[in-house]
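These notes are about the structure you will find just below.
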Amino acid sequence: MSRFEGIYALWLREFKVFTRERSRVVTSIFTPILWIFVFGGGLGSAVDIGDVNYQVFIYPGILAMSVLFSSVFFGTYIVWDRKIDILKEVLVAPLSRTSIFVGKVLGGCTDSMIQAFIMLLISFALGVYLSPSALLLAILLLFLLALSLVSTGLIIGSLMESPEGFNMIVSFLVFPLFLFSGALFPLENLPLWLRAMTYIDPVTYGVDGLRTVIIGVSQFPLYLDLGVLAGFAAVMFTIGTRAFERMK
Amino acid sequence: MENAIETFELTKQFKDLTAVDRLNVKIKQGEIFGLLGPNGAGKTTAISMLCTILNPTGGTAIVNGYDILKEPDDVRKSIGIVFQQPSVDDILTGRENLRLHAMWYGVPKGIRGERIDEVLELVGLKSREHSLVKTYSGGMRRRLELARGLLHLPKVLFLDEPTLGLDPQTREHIWEYIEDLSEKREMTIMLTTHYMEEADRLCDRIAIIDQGKIIVMDTPERLKQTVGGDIVCLKTVNADIERFRKIESVSKIEVKDGYIGLTVRNASENLQEILNLAGKIESVEIRPASLNDVFLSYTGKEIRPETGEGGIVQRIMRERT
């Protein structure tokens, strides 16, 4: 009982901070919106992919991108918490390290999912119709993506001492994850090396799953997308609990 | 269980530095115990080990009957800590900080609000409970930390430099709270400080610590007696010090920066004799021995107070530059 209360309190702290720093939401929504309307709109005026306009084609990919960026960068807050000494109060409380990790992960997922919901509203502007079941599947896919990527961000955050160091490492990681995920191009007919990279990138399966449920275009069966994401989330979550056990 | 805290050869070794060197102390329940020493003496390291933040590299300790190595969770539940660096959350209100703390420490829901009100009243922050902590002054932050440390009714309270960088008035307030806690709630308090007057005023017993080792441990009164009573500081025309050796009550003679410092058992009774021997005098100053003199006589060094740390914002600014 008290364990859940502790986790709830950790989540509550993250949530309050999030609602108080509205600029976080605005800035994290801003870039994906630019991608959809400037890049997607610009290229979409000349390009269709199959039967789908390019702007609509990249929409699922940009959904995944917004979750990717906000989730991984959530790890920066743990570096800051440590730097300004707020983390010490939590580490010295009678909470297990697993509870602390779970609380932080849930906090990060909440941030990312709120942004994802705002991004889902853009489907109206693009004339994309989402059936209730498609919407639920999209939310599930986005959540699995958030879970694994928030864990990834927190793992890196638990190892880093400075926010600058964190940002550097994460930029190296996030951009390849985004570009190789096929968010901006179809996966068919790729040169072999590029195809291999897309298959290795776990975000690919999130993008593909979202594309399946939102616009009906897919490379892999949906169960494979869900399976890979669930596996990725389980692995990162497990490593994350270990990383928090070791954190000073 | 008679001792609230007992350490057994507690040691912390960092690479080639022994921060805490085979510490052995026994602190009774209800006692206010002070660790006094200069910066880098190992005070914070010692407290961090007792709070289970740091693992010792040798020895162990029992806090509230729990072993810090084997039962860290039980230790954590039964202690309160006020850190040297403020660790309250800037972006939350005072009350929110306390509420989260109460949840982390398992304060039952039914009495949570009541306990929060009580500690807020105690530290005089009730009127500001709904303001964000970033609008608090340094003193208010520290009081909030103190309130937070008391929220779950710990049996032992650790205070790491509780009044570092605070103005005299706030310091006085905090001292009063601490005395009150020890008297009315019979809380055991272990504090670190490098302020002599703080140790003198608050502590039942003091351990003077330097380079990780306890040099001497006793009540403030007895420590001051070991120095020999009063200090008479003279500036005379005749610089010869040998003449003072005949006075029986003078236990120690030092020369520093042209001044002659005499440690005298009872200065008010022997002053005439001293002045007669001194001859022509440029200045004279008499003061009771302080813990600073005790520290000086045991280590040959003075404790220099450092300037206090600022709030979180200032610290971030400084780290960035």
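Numbering starts fresh at 1 for the residues of each chain in the structure tokens, the chains themselves are lettered A, B, ... in the order given, and ligands are numbered from 1 as they appear.
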(request) Please report, as a ChimeraX atom specification, each residue of range 64-300 of chain B to which DSSP assigns strand (DSSP E) when run on this structure's backbone. (result) /B:66-67,79-82,156-160,188-193,205-210,213-218,230-236,250-256,259-264,281-288
(message) Taking 6 positions as the minimum chain separation for residues in the same chain, which residues sit within 8 Å of Ile91 in chain B when counting only C-alpha atoms? Answer as a list in words.
(response)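 Returned residues: Val17 and Arg20 of chain A; Leu132, Val133 and Lys134 of chain B.
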(message) Counting only C-alpha atoms, which residue out of B:Asp73, B:Thr299, B:Gln225, B:Leu125 sits closest to Ile208 in chain B?
(response) B:Thr299
(message) Ranking B:Ala46, B:Leu153, B:Ile260, B:Leu223 by minimum distance to Asn238 in chain B and counting only C-alpha atoms, which one comes first?
(response)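 Ranked by minimum distance to Asn238 in chain B, first place goes to B:Ile260.
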(message) Can you pull out the residues contacting range 164-167 of chain A? Cut-off 8 Å, using only C-alpha atoms, and skip same-chain residues under 4 positions away; I want them as a list in words.
(response) Phe73, Thr76, Val79, Ile156, Gly157, Met160 and Ser171 of chain A
(request) Tell me which protein, DNA and RNA residues are within 7 Å of range 54-63 of chain B, counting only C-alpha atoms, leaving out same-chain ones fewer than 2 positions away, and put them as a PyMOL selection string. (result) chain B and resi 4-13+48-50+52+65-69+75
(request) Output as a ChimeraX atom specification the set of chain A residues within 12 Å of chain B, with distances taken over only C-alpha atoms. (result) /A:1-21,80-97,99-100,103,162-164,247-248
(request) Find the distance between CA of Ser71 in chain A and CA of Leu147 in chain A and write it in Å to one decimal. (result)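 Value for the CA of Ser71 in chain A-CA of Leu147 in chain A distance: 8.0 Å.
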(message) Can you pull out the residues contacting range 274-276 of chain B? Cut-off 12 Å, using only C-alpha atoms, and skip same-chain residues under 3 positions away; I want them as a PyMOL selection string.
(response) chain B and resi 232-236+241+243-250+260-264+266-271+279-286
Now that the selection is made, can you save its residues with C-alpha atoms as a PDB file, in the first residue's frame?
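The result, written out as out-v5.pdb:
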ATOM      1  CA  VAL B 232      44.138  37.505  28.242  1.00  0.00           C
ATOM      2  CA  CYS B 233      45.498  39.108  25.140  1.00  0.00           C
ATOM      3  CA  LEU B 234      48.112  41.818  25.670  1.00  0.00           C
ATOM      4  CA  LYS B 235      50.114  44.187  23.549  1.00  0.00           C
ATOM      5  CA  THR B 236      53.034  45.462  25.530  1.00  0.00           C
ATOM      6  CA  ILE B 241      57.282  36.717  27.739  1.00  0.00           C
ATOM      7  CA  ARG B 243      58.253  37.136  33.103  1.00  0.00           C
ATOM      8  CA  PHE B 244      54.696  35.749  32.963  1.00  0.00           C
ATOM      9  CA  ARG B 245      55.834  32.241  33.754  1.00  0.00           C
ATOM     10  CA  LYS B 246      56.025  33.049  37.477  1.00  0.00           C
ATOM     11  CA  ILE B 247      52.273  33.548  37.701  1.00  0.00           C
ATOM     12  CA  GLU B 248      50.888  30.295  38.939  1.00  0.00           C
ATOM     13  CA  SER B 249      47.471  30.612  37.323  1.00  0.00           C
ATOM     14  CA  VAL B 250      48.884  31.105  33.814  1.00  0.00           C
ATOM     15  CA  ILE B 260      50.926  37.958  23.861  1.00  0.00           C
ATOM     16  CA  GLY B 261      48.153  35.500  24.583  1.00  0.00           C
ATOM     17  CA  LEU B 262      47.925  34.153  28.130  1.00  0.00           C
ATOM     18  CA  THR B 263      45.648  31.329  29.147  1.00  0.00           C
ATOM     19  CA  VAL B 264      44.660  32.100  32.733  1.00  0.00           C
ATOM     20  CA  ASN B 266      40.699  32.911  36.535  1.00  0.00           C
ATOM     21  CA  ALA B 267      41.498  36.184  34.858  1.00  0.00           C
ATOM     22  CA  SER B 268      39.430  38.477  37.047  1.00  0.00           C
ATOM     23  CA  GLU B 269      41.381  37.431  40.164  1.00  0.00           C
ATOM     24  CA  ASN B 270      44.812  37.457  38.600  1.00  0.00           C
ATOM     25  CA  LEU B 271      44.541  40.434  36.322  1.00  0.00           C
ATOM     26  CA  GLY B 279      54.562  47.052  32.452  1.00  0.00           C
ATOM     27  CA  LYS B 280      53.541  49.615  29.865  1.00  0.00           C
ATOM     28  CA  ILE B 281      50.533  48.316  27.937  1.00  0.00           C
ATOM     29  CA  GLU B 282      49.235  49.377  24.552  1.00  0.00           C
ATOM     30  CA  SER B 283      46.104  47.243  24.665  1.00  0.00           C
ATOM     31  CA  VAL B 284      44.537  44.487  26.715  1.00  0.00           C
ATOM     32  CA  GLU B 285      41.603  42.206  26.052  1.00  0.00           C
ATOM     33  CA  ILE B 286      40.096  39.579  28.317  1.00  0.00           C
TER      34      ILE B 286
END
(request) Looking only at helix (DSSP H, G or I) from DSSP on the backbone, list the matching residues of range 3-238 of chain A as a PyMOL selection string. (result) chain A and resi 3-20+22-44+54-73+76-83+86-91+97-125+132-159+163-179+192-200+202-215+222-238
(request) Pick out the residues sitting within 8 Å of range 177-182 of chain A, and hand them over as an MDAnalysis selection string; count only C-alpha atoms, and ignore anything fewer than 3 positions along from it in its own chain. (result) chainID A and resid 61 65 68 173:174 185:187 194 197:198 201:205 207
Could you list, as a PDB file with C-alpha atoms, in the first residue's frame, every residue within 12 Å of Phe30 in chain A, counting only C-alpha atoms and ignoring same-chain residues fewer than 4 positions away?
ATOM      1  CA  SER A  23       6.557  26.021 -21.971  1.00  0.00           C
ATOM      2  CA  ARG A  24       7.712  22.396 -21.937  1.00  0.00           C
ATOM      3  CA  VAL A  25       4.520  21.347 -23.752  1.00  0.00           C
ATOM      4  CA  VAL A  26       4.538  24.215 -26.194  1.00  0.00           C
ATOM      5  CA  LEU A  34       6.542  22.338 -38.194  1.00  0.00           C
ATOM      6  CA  TRP A  35       7.454  18.957 -39.657  1.00  0.00           C
ATOM      7  CA  ILE A  36       3.876  18.137 -40.549  1.00  0.00           C
ATOM      8  CA  PHE A  37       2.827  21.480 -41.944  1.00  0.00           C
ATOM      9  CA  VAL A  38       6.045  22.851 -43.417  1.00  0.00           C
ATOM     10  CA  ILE A  62       5.851  12.517 -36.729  1.00  0.00           C
ATOM     11  CA  SER A  66       7.180  13.701 -30.861  1.00  0.00           C
ATOM     12  CA  PHE A  69      12.029  13.331 -28.461  1.00  0.00           C
ATOM     13  CA  SER A  70       9.998  14.170 -25.385  1.00  0.00           C
ATOM     14  CA  GLN A 115       1.830  15.609 -25.979  1.00  0.00           C
ATOM     15  CA  ILE A 118      -2.419  16.901 -28.597  1.00  0.00           C
ATOM     16  CA  MET A 119      -0.658  15.534 -31.696  1.00  0.00           C
TER      17      MET A 119
END
(message) I need the residue nearest Pro32 in chain A from this list: A:Ala183, A:Leu141, A:Leu136, A:Val150. Use only C-alpha atoms for the distance.
(response)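 Under the stated criterion, the closest residue is A:Ala183.
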(message) Just checking: using only C-alpha atoms, which residue out of B:Val227, B:Leu164, B:Ser290, B:Arg143 ends up closest to Arg201 in chain B?
(response) B:Ser290
